[in-house]
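Chemist: I am attaching a structure below and will ask some questions about it afterwards.
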Amino acid sequence: MDLKTYILRRLALMVFVLFGIIVITFIVSHVIPADPIGAILGPQAPPELVEKVRREWGFDKPLPEQFVDYIINLLHGNLGKSIRTNKPVAEDLIRFFPATIELATAAMIVAIAIGIPLGIISAIKKDKWPDHISRIFALMGVSMPVFWLGLILLFVLYYQLGIFPGPGRLDPGIEAPPRITGILTLDSLITGNFEAFTNAVWHLILPSFVLGYYASASITRITRTSLLEVMTQDFIRTARAKGLPERVVLFRHALRNALIPTTTVIGMAYGSLLEGAILTETIFAWPGLGRYSTGAFLSVDFLAVMGSTLLIAVIYSVANLVVDILYAFLDPRIRYA
Amino acid sequence: MSGKDWIIVIVLLIVGLLIGYFAAGPGKTTTVTVTQTSVKTVTVTQTAGAPPPPTTTKTTTTQPKAQMKTPADTLIIAMDTSDAVSMDPARAYEFTSCFVVNQLYDKLVDFELPDLVNVKPEVAEKWEISKDGKVWTFHIRKGIKFASGNPLTADDVVYSLQRVIKLKQTASWVLTQFVSTPEQIEKVDDYTVRITLDKPVAPSFFLATLTFTTSAVVDKQVVEAHAKNGDMGSDWMTDHSAGSGPFVLEKWDREAEIVLKANPYYWKPGQPAVKKVIIKHVPEPTDQLLLIKKGDVDIATDLTAEQVKQVEGTPGINVIKVERTHIVYLGMNVAVKPLDKEEVRDAIRYCIDYDGIINDILLGAAIKWQTVIPKGLLGANPKTPYKKDVAKAKELLAKAGVPNGFTIELTTPPTYPQIDIATKIQADLAECGIKVKIVQMTQSEMYEKYRKQGLQLVLAGWGSDYPDPDNNAKAFGDYRVKQLAWRNSWYDDHAADLAEKAAVEFDNNKRKQMYLELTDYILDHGPYAILYQTLAQHVARDYVKNYLPDPTFFLEDLSKVSKAGGS
């Protein structure tokens, strides 16, 4: 099977996965005994008003009918309207997702920059002190709650030392560039607004470090494990026997093979970062998808819940696919079947 | 492995770590200057009738002034604005939306904080009421201009109020409860408007509802220019303004910031005192704390009680406390035995340690209040007869025929401080022999059940939609409006009649007496234990002048707020 057929087949399978997710999310979000209208109108609202609004939103219809309506709308590319923001869900997602893409990408860069070198050090200095240190460092990354690390970093680096800016994406007083992609660093570059660019990057550092540090732990571990495994294999012994310098053995032969499992971990980690990191986003006042979807869940905003779940499902499926395709580039032995 | 390879790996690591670090150039270094400045806690108390000026409870005077890090002509507020939906006055019904709308528009009449009893003229200079109390004639102030430069006339007032009725949004009931059709609002001449009510109501009641943001006057010409598909401009108004208020909505970047700039045509001389207001969306209270302590924002509105305690006494920072028109109560469903017995409900009221809740759980972010109309409003009743008295409670339980207590469910939202309060009540009631099972539900789930009378004991709150006692009196006393009395199955005709009569009483003194009688009656017979009235505790840098937190959620007026040394 060639690559094109493989991708097409995977995309077709994705449709089924997504449909399954829609059905489950729909049922779960509709059978819980909560009242979205009440949540929006507040405790004071008179019952007649609650009924009226419920009719307006079509929540008085039988569940199967609501489901069919939803699917028909979805096929027309219409995700419906959020009860909470009173805006089309698609518009909301477009507004909040870029901030998450920006943060997740920056965090991924940090995670790779920390994770892979640490994993390599750990493997080549197995059971010696550099290994212990990098493993402890990685362990701290997974075990430290992100909100705690975030607050500590803000407290020390922003409040006490004043090195980094406070929460938010830009300083007040810095004019945001016109919205093109919604990714501030990119938009400011495109429009040549370097003041905003510098400021946006500066604001990005702490949150992406917090998120990236957390994600780096699994990368460190998997790099270490798979590198250790590869180093014991015959072709490494052969390479050494040929008299190749250790550097060449490590980087050209061992690392390339060891990075295959790492790629999977990175792909999945990126997928989960794109889901939006609610705690990090809250602490750094970062207007991303995590905050939007959590808000939607808490106020039982059905259509927003469905829309964001669907987006996350698509991200995961695509991340999976991309990882599988990347395998072929990293290891020519892998064929699509 | 050779030393050379080591170096490569280490360099890789360091480069990786530093990529992000120096991407933005060298770090700003800031020297932290500690200056001795004044510390004070300002407590603003509202009293019915004659509001006293803000009283300073604690002041230590020291010089010099704190450094101002933010621009002198820009007021920066850190606030959780995640609830905002629309800045259209016909739509706004959330805290943030109403807070902003009130800066953008003038209303027919208004309250001047902290007074919540005497309505003051705003767009309407004066008004007359017909003898039967149904027909109101408002005389519009001449010389008011919108931010567009258009003059404000009777046409705009008629259009604005009719627009609220026609758009039928959630908040519209505040107006339509008296004026059900658009035709009841008419233009008499360019500066006179006549409003005919469905039936007469107490004048102070109607006027109080006119201070809500639904009666904001919009610029008819501008709004109509942006109307599409018969939406009367509502879509455009979501993030634009067309008002005559002190500020204009410059930008609303959702989940980031709301920016207001001064309206050059504002009619009150010398106002607004600042050129720009930036409301930064900061959802995390700890961030707000860091920002205000650092001086990067001028006002923070959502600190936790613990954090407020922490900043109290910090040089350069003032804590301003105002009683909100919001009370928190324990509802007791009379349909559930033995809560049907008055002695049992009374016993529960004697079991609760009110001071413990206020001081230990809320850390002072509330005042002790036990009647259903909050302090500050007409007819507020300051009686607090209930305090923890286990012996008395047990005696009452014995009298009711349940000397050994009973088991009951208490429903609470799974949030703080509600859970702590519920646990405290559980422990308090256990001392009297009443076994409480705590049931946690999200707010939306809880209210769904509560509306269907499906709860036993419930921990809930009630905030006033407008500063008139009727809002609370009917909710708590009149089961016919199907609000709190009904949800707790308390079908008391005496209370319901009294609430209805007070709503149409023309004589304000008599009206006040009626509410005192009603609140007394509910205090003894009602299905509630009022736990406390909440305090708004806002924190401001000491150079911020004339800032008063709003006891409601739509009366905040930033037009007089200035920064010392500002323009």
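If you're wondering about the labels, chains in the structure tokens are A, B, ... by order shown, residues count from 1 in each chain, ligands from 1 in order shown.
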Find the spatial neighbours of A:Phe26, counting only C-alpha atoms, within a cut-off of 10 Å - ignore same-chain residues fewer than 3 positions away - and output them as a ChimeraX atom specification.

Modeler: /A:20-23,29-31,63,66-67,70,302-303,305-306

Chemist: Write out as a Markdown table a residue-level contact list of chain A versus chain B with cut-off 8 Å: for each qualifying residue the closest pair of atoms and the distance in Å to one decimal, counting only C-alpha atoms, rows sorted by chain and residue number upward.

Modeler:
| residue | atom | partner | partner_atom | distance |
| --- | --- | --- | --- | --- |
| A:Pro33 | CA | B:Glu445 | CA | 6.0 |
| A:Ala34 | CA | B:Glu445 | CA | 4.0 |
| A:Asp35 | CA | B:Ser444 | CA | 5.4 |
| A:Pro36 | CA | B:Ser444 | CA | 6.6 |
| A:Gly38 | CA | B:Ser444 | CA | 6.0 |
| A:Ala39 | CA | B:Ser444 | CA | 4.8 |
| A:Leu41 | CA | B:Thr170 | CA | 7.2 |
| A:Pro43 | CA | B:Tyr447 | CA | 6.6 |
| A:Gln44 | CA | B:Gln483 | CA | 7.3 |
| A:Pro46 | CA | B:Gln483 | CA | 6.9 |
| A:Pro47 | CA | B:Lys482 | CA | 7.4 |
| A:Leu49 | CA | B:Thr170 | CA | 7.6 |
| A:Arg84 | CA | B:Val85 | CA | 7.1 |
| A:Thr85 | CA | B:Val85 | CA | 5.2 |
| A:Asn86 | CA | B:Val85 | CA | 6.8 |
| A:Val110 | CA | B:Leu17 | CA | 7.1 |
| A:Ala113 | CA | B:Gly16 | CA | 4.4 |
| A:Ile114 | CA | B:Gly16 | CA | 6.3 |
| A:Pro117 | CA | B:Leu13 | CA | 5.4 |
| A:Leu118 | CA | B:Leu13 | CA | 7.1 |
| A:Ile120 | CA | B:Val9 | CA | 7.7 |
| A:Ile121 | CA | B:Val9 | CA | 6.9 |
| A:Ile124 | CA | B:Met1 | CA | 7.7 |
| A:Leu151 | CA | B:Thr286 | CA | 7.9 |
| A:Phe155 | CA | B:Leu290 | CA | 7.2 |
| A:Tyr159 | CA | B:Lys294 | CA | 6.3 |
| A:Gln160 | CA | B:Val32 | CA | 7.9 |
| A:Leu161 | CA | B:Thr30 | CA | 6.9 |
| A:Gly162 | CA | B:Thr30 | CA | 5.4 |
| A:Ile163 | CA | B:Lys28 | CA | 5.5 |
| A:Phe164 | CA | B:Gly27 | CA | 7.3 |
| A:Gly166 | CA | B:Leu291 | CA | 7.0 |
| A:Pro167 | CA | B:Asp287 | CA | 6.8 |
| A:Gly168 | CA | B:Ala256 | CA | 7.2 |
| A:Arg169 | CA | B:Ala256 | CA | 7.9 |
| A:Pro172 | CA | B:Ile278 | CA | 7.7 |
| A:Thr198 | CA | B:Ala24 | CA | 5.2 |
| A:Asn199 | CA | B:Ala24 | CA | 7.6 |
| A:Val201 | CA | B:Ala24 | CA | 6.0 |
| A:Trp202 | CA | B:Ala24 | CA | 5.8 |
| A:Ile205 | CA | B:Gly20 | CA | 6.4 |
| A:Glu246 | CA | B:Met1 | CA | 6.5 |
| A:Arg247 | CA | B:Asp5 | CA | 6.0 |
| A:Thr282 | CA | B:Glu284 | CA | 6.1 |
| A:Ile283 | CA | B:Glu284 | CA | 5.8 |
| A:Phe284 | CA | B:Asp287 | CA | 7.8 |
| A:Ala285 | CA | B:Val282 | CA | 5.5 |
| A:Trp286 | CA | B:Ala256 | CA | 7.7 |
| A:Pro287 | CA | B:Glu255 | CA | 5.2 |
| A:Leu298 | CA | B:Thr442 | CA | 8.0 |
| A:Ser299 | CA | B:Ser444 | CA | 7.0 |
| A:Val300 | CA | B:Ser444 | CA | 7.8 |

Chemist: With C-alpha atoms retained, write the just-selected residues as an mmCIF file, in the first residue's frame.

Modeler:
data_model
loop_
_atom_site.group_PDB
_atom_site.id
_atom_site.type_symbol
_atom_site.label_atom_id
_atom_site.label_comp_id
_atom_site.auth_asym_id
_atom_site.auth_seq_id
_atom_site.Cartn_x
_atom_site.Cartn_y
_atom_site.Cartn_z
ATOM 1 C CA PRO A 33 -29.387 15.996 35.383
ATOM 2 C CA ALA A 34 -28.243 19.582 35.038
ATOM 3 C CA ASP A 35 -29.973 22.531 33.539
ATOM 4 C CA PRO A 36 -27.951 24.707 31.179
ATOM 5 C CA GLY A 38 -30.811 27.644 34.733
ATOM 6 C CA ALA A 39 -27.057 27.956 34.812
ATOM 7 C CA LEU A 41 -30.242 32.632 33.788
ATOM 8 C CA PRO A 43 -31.084 31.452 40.499
ATOM 9 C CA GLN A 44 -33.440 34.443 40.285
ATOM 10 C CA PRO A 46 -38.760 33.133 37.053
ATOM 11 C CA PRO A 47 -39.916 29.683 35.817
ATOM 12 C CA LEU A 49 -38.621 32.638 31.538
ATOM 13 C CA ARG A 84 -22.808 30.852 27.444
ATOM 14 C CA THR A 85 -21.232 33.269 24.996
ATOM 15 C CA ASN A 86 -24.232 33.596 22.678
ATOM 16 C CA VAL A 110 10.847 23.558 25.543
ATOM 17 C CA ALA A 113 14.914 20.914 24.224
ATOM 18 C CA ILE A 114 14.914 19.632 27.789
ATOM 19 C CA PRO A 117 19.353 15.973 25.819
ATOM 20 C CA LEU A 118 18.483 14.826 29.329
ATOM 21 C CA ILE A 120 20.725 11.100 26.150
ATOM 22 C CA ILE A 121 22.792 12.092 29.175
ATOM 23 C CA ILE A 124 25.160 7.311 28.225
ATOM 24 C CA LEU A 151 2.532 30.318 40.859
ATOM 25 C CA PHE A 155 5.989 34.825 42.497
ATOM 26 C CA TYR A 159 6.798 39.526 41.677
ATOM 27 C CA GLN A 160 10.097 39.294 43.529
ATOM 28 C CA LEU A 161 12.718 39.715 40.850
ATOM 29 C CA GLY A 162 10.729 41.401 38.116
ATOM 30 C CA ILE A 163 12.579 39.520 35.374
ATOM 31 C CA PHE A 164 9.485 38.240 33.632
ATOM 32 C CA GLY A 166 2.982 39.078 34.942
ATOM 33 C CA PRO A 167 0.087 36.942 33.713
ATOM 34 C CA GLY A 168 -1.477 37.713 30.343
ATOM 35 C CA ARG A 169 -0.331 37.679 26.745
ATOM 36 C CA PRO A 172 -1.296 46.653 29.197
ATOM 37 C CA THR A 198 9.211 40.963 21.934
ATOM 38 C CA ASN A 199 6.572 41.511 24.554
ATOM 39 C CA VAL A 201 7.553 36.231 23.415
ATOM 40 C CA TRP A 202 8.531 37.484 26.821
ATOM 41 C CA ILE A 205 8.306 32.059 28.295
ATOM 42 C CA GLU A 246 31.631 7.203 19.860
ATOM 43 C CA ARG A 247 30.000 10.486 18.833
ATOM 44 C CA THR A 282 -5.846 30.025 34.286
ATOM 45 C CA ILE A 283 -2.721 30.922 36.189
ATOM 46 C CA PHE A 284 -1.154 32.782 33.305
ATOM 47 C CA ALA A 285 -4.462 34.395 32.256
ATOM 48 C CA TRP A 286 -4.011 32.731 28.892
ATOM 49 C CA PRO A 287 -7.193 32.827 26.817
ATOM 50 C CA LEU A 298 -19.154 23.751 34.054
ATOM 51 C CA SER A 299 -22.122 25.619 32.678
ATOM 52 C CA VAL A 300 -23.419 22.549 30.797
#

Chemist: Mind giving me the straight-line distance from atom CA of A:Val17 to atom CA of A:Ser317 in Å, one decimal?

Modeler: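 Computed distance, atom CA of A:Val17 to atom CA of A:Ser317, equals 8.5 Å.
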
Chemist: Tell me which protein, DNA and RNA residues are within 7 Å of B:Thr153, counting only C-alpha atoms, leaving out same-chain ones fewer than 2 positions away, and put them as a ChimeraX atom specification.

Modeler: /B:151,155-157,190-191

Chemist: Could you pull out all residues of stretch 159-305 of chain A with a DSSP call of alpha helix (DSSP H) and give them as a count of residues only?

Modeler: 96

Chemist: Between B:Lys501, B:Lys199, B:Lys435, B:Arg163, which one has atoms that come closest to B:Leu410, using only C-alpha atoms?

Modeler: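 Nearest candidate to B:Leu410 out of B:Lys501, B:Lys199, B:Lys435, B:Arg163: B:Lys435.
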
Chemist: Between atom CA of B:Pro385 and atom CA of B:Glu306, what distance in Å does the model show, to one decimal?

Modeler: 28.5 Å

Chemist: What separation in Å, quoted to one decimal, exists between atom CA of A:Lys81 and atom CA of B:Ser234?

Modeler: 15.9 Å

Chemist: Which residue out of B:Trp369, B:Tyr543, B:Phe95, B:Tyr350 has the minimum interatomic distance to B:Leu429 when only C-alpha atoms are used?

Modeler: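 Nearest candidate to B:Leu429 out of B:Trp369, B:Tyr543, B:Phe95, B:Tyr350: B:Tyr350.
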
Chemist: Which one is closest to A:Val142: A:Leu279, A:Ala217, A:Ile101, A:Ala107? Count only C-alpha atoms.

Modeler: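 Smallest distance to A:Val142 is found for A:Ala217.
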
Chemist: Which residues are near B:Lys268? Cut-off 12 Å, only C-alpha atoms, ignore same chain within fewer than 5 positions. Put them as a ChimeraX atom specification.

Modeler: /B:106,122-123,141,143-145,244-247,263,273,559-560

Chemist: Export, as a PDB file, in the first residue's frame, the selected residues with C-alpha atoms.

Modeler:
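As a result, selection_27.pdb now contains:
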ATOM      1  CA  ASP B 106     -26.598  57.041  31.113  1.00  0.00           C
ATOM      2  CA  GLU B 122     -29.682  61.476  35.497  1.00  0.00           C
ATOM      3  CA  VAL B 123     -31.018  61.682  31.929  1.00  0.00           C
ATOM      4  CA  ARG B 141     -32.214  66.931  30.521  1.00  0.00           C
ATOM      5  CA  GLY B 143     -27.671  69.419  26.397  1.00  0.00           C
ATOM      6  CA  ILE B 144     -26.655  65.788  26.761  1.00  0.00           C
ATOM      7  CA  LYS B 145     -24.692  64.515  23.792  1.00  0.00           C
ATOM      8  CA  SER B 244     -23.731  59.108  26.419  1.00  0.00           C
ATOM      9  CA  GLY B 245     -21.954  57.690  29.451  1.00  0.00           C
ATOM     10  CA  PRO B 246     -18.522  58.756  30.683  1.00  0.00           C
ATOM     11  CA  PHE B 247     -16.731  56.129  28.601  1.00  0.00           C
ATOM     12  CA  ASN B 263     -16.278  60.092  25.997  1.00  0.00           C
ATOM     13  CA  ALA B 273     -11.296  61.814  35.618  1.00  0.00           C
ATOM     14  CA  SER B 559     -16.432  58.562  36.158  1.00  0.00           C
ATOM     15  CA  LYS B 560     -15.126  60.203  39.315  1.00  0.00           C
TER      16      LYS B 560
END

Chemist: Compare A:Ile24, A:Ile71, A:Leu13, A:Val210 by their minimum atom-to-atom distance to A:Trp148, counting only C-alpha atoms, and give me the closest one.

Modeler: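 For A:Trp148, the nearest of the given residues is A:Val210.
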
Chemist: For A:Leu311, please output as a list in words all residues within 10 Å (counting only C-alpha atoms; exclusion window: fewer than 4 positions along the same chain).

Modeler: Leu18, Ala90, Leu93, Phe97, Leu274, Glu275, Leu289, Val305, Met306, Gly307, Ile315, Tyr316 and Ser317 of chain A

Chemist: Do you know which residues are at most 8 Å from A:Ile183 counting only C-alpha atoms, after dropping those on the same chain fewer than 6 positions away, and could you put them as an NGL selection string?

Modeler: :A and (98-99 or 101-102)

Chemist: With N, CA and C atoms retained, could you export that selection as a tab-separated table (two decimals), in the first residue's frame?

Modeler:
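Final file, result.tsv:
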chain	number	residue	atom	x	y	z
A	98	PRO	N	-6.11	29.57	18.69
A	98	PRO	CA	-4.76	30.04	18.37
A	98	PRO	C	-3.89	30.27	19.59
A	99	ALA	N	-4.46	30.81	20.67
A	99	ALA	CA	-3.66	31.04	21.88
A	99	ALA	C	-3.12	29.72	22.40
A	101	ILE	N	-2.61	26.98	20.51
A	101	ILE	CA	-1.60	26.49	19.56
A	101	ILE	C	-0.25	27.15	19.89
A	102	GLU	N	-0.29	28.46	20.12
A	102	GLU	CA	0.94	29.19	20.41
A	102	GLU	C	1.62	28.63	21.66

Chemist: Do a neighbour search on stretch 492-500 of chain B at 8 Å with only C-alpha atoms, toss out local chain neighbours closer than 2 positions, and write the hits as a list in words.

Modeler: Asp470, Ala473, Lys474, Gly477, Asp478, Tyr479, Arg480, Trp490, Ala502, Ala503, Val504, Met514, Tyr515, Leu518, Tyr521 and Ile522 of chain B
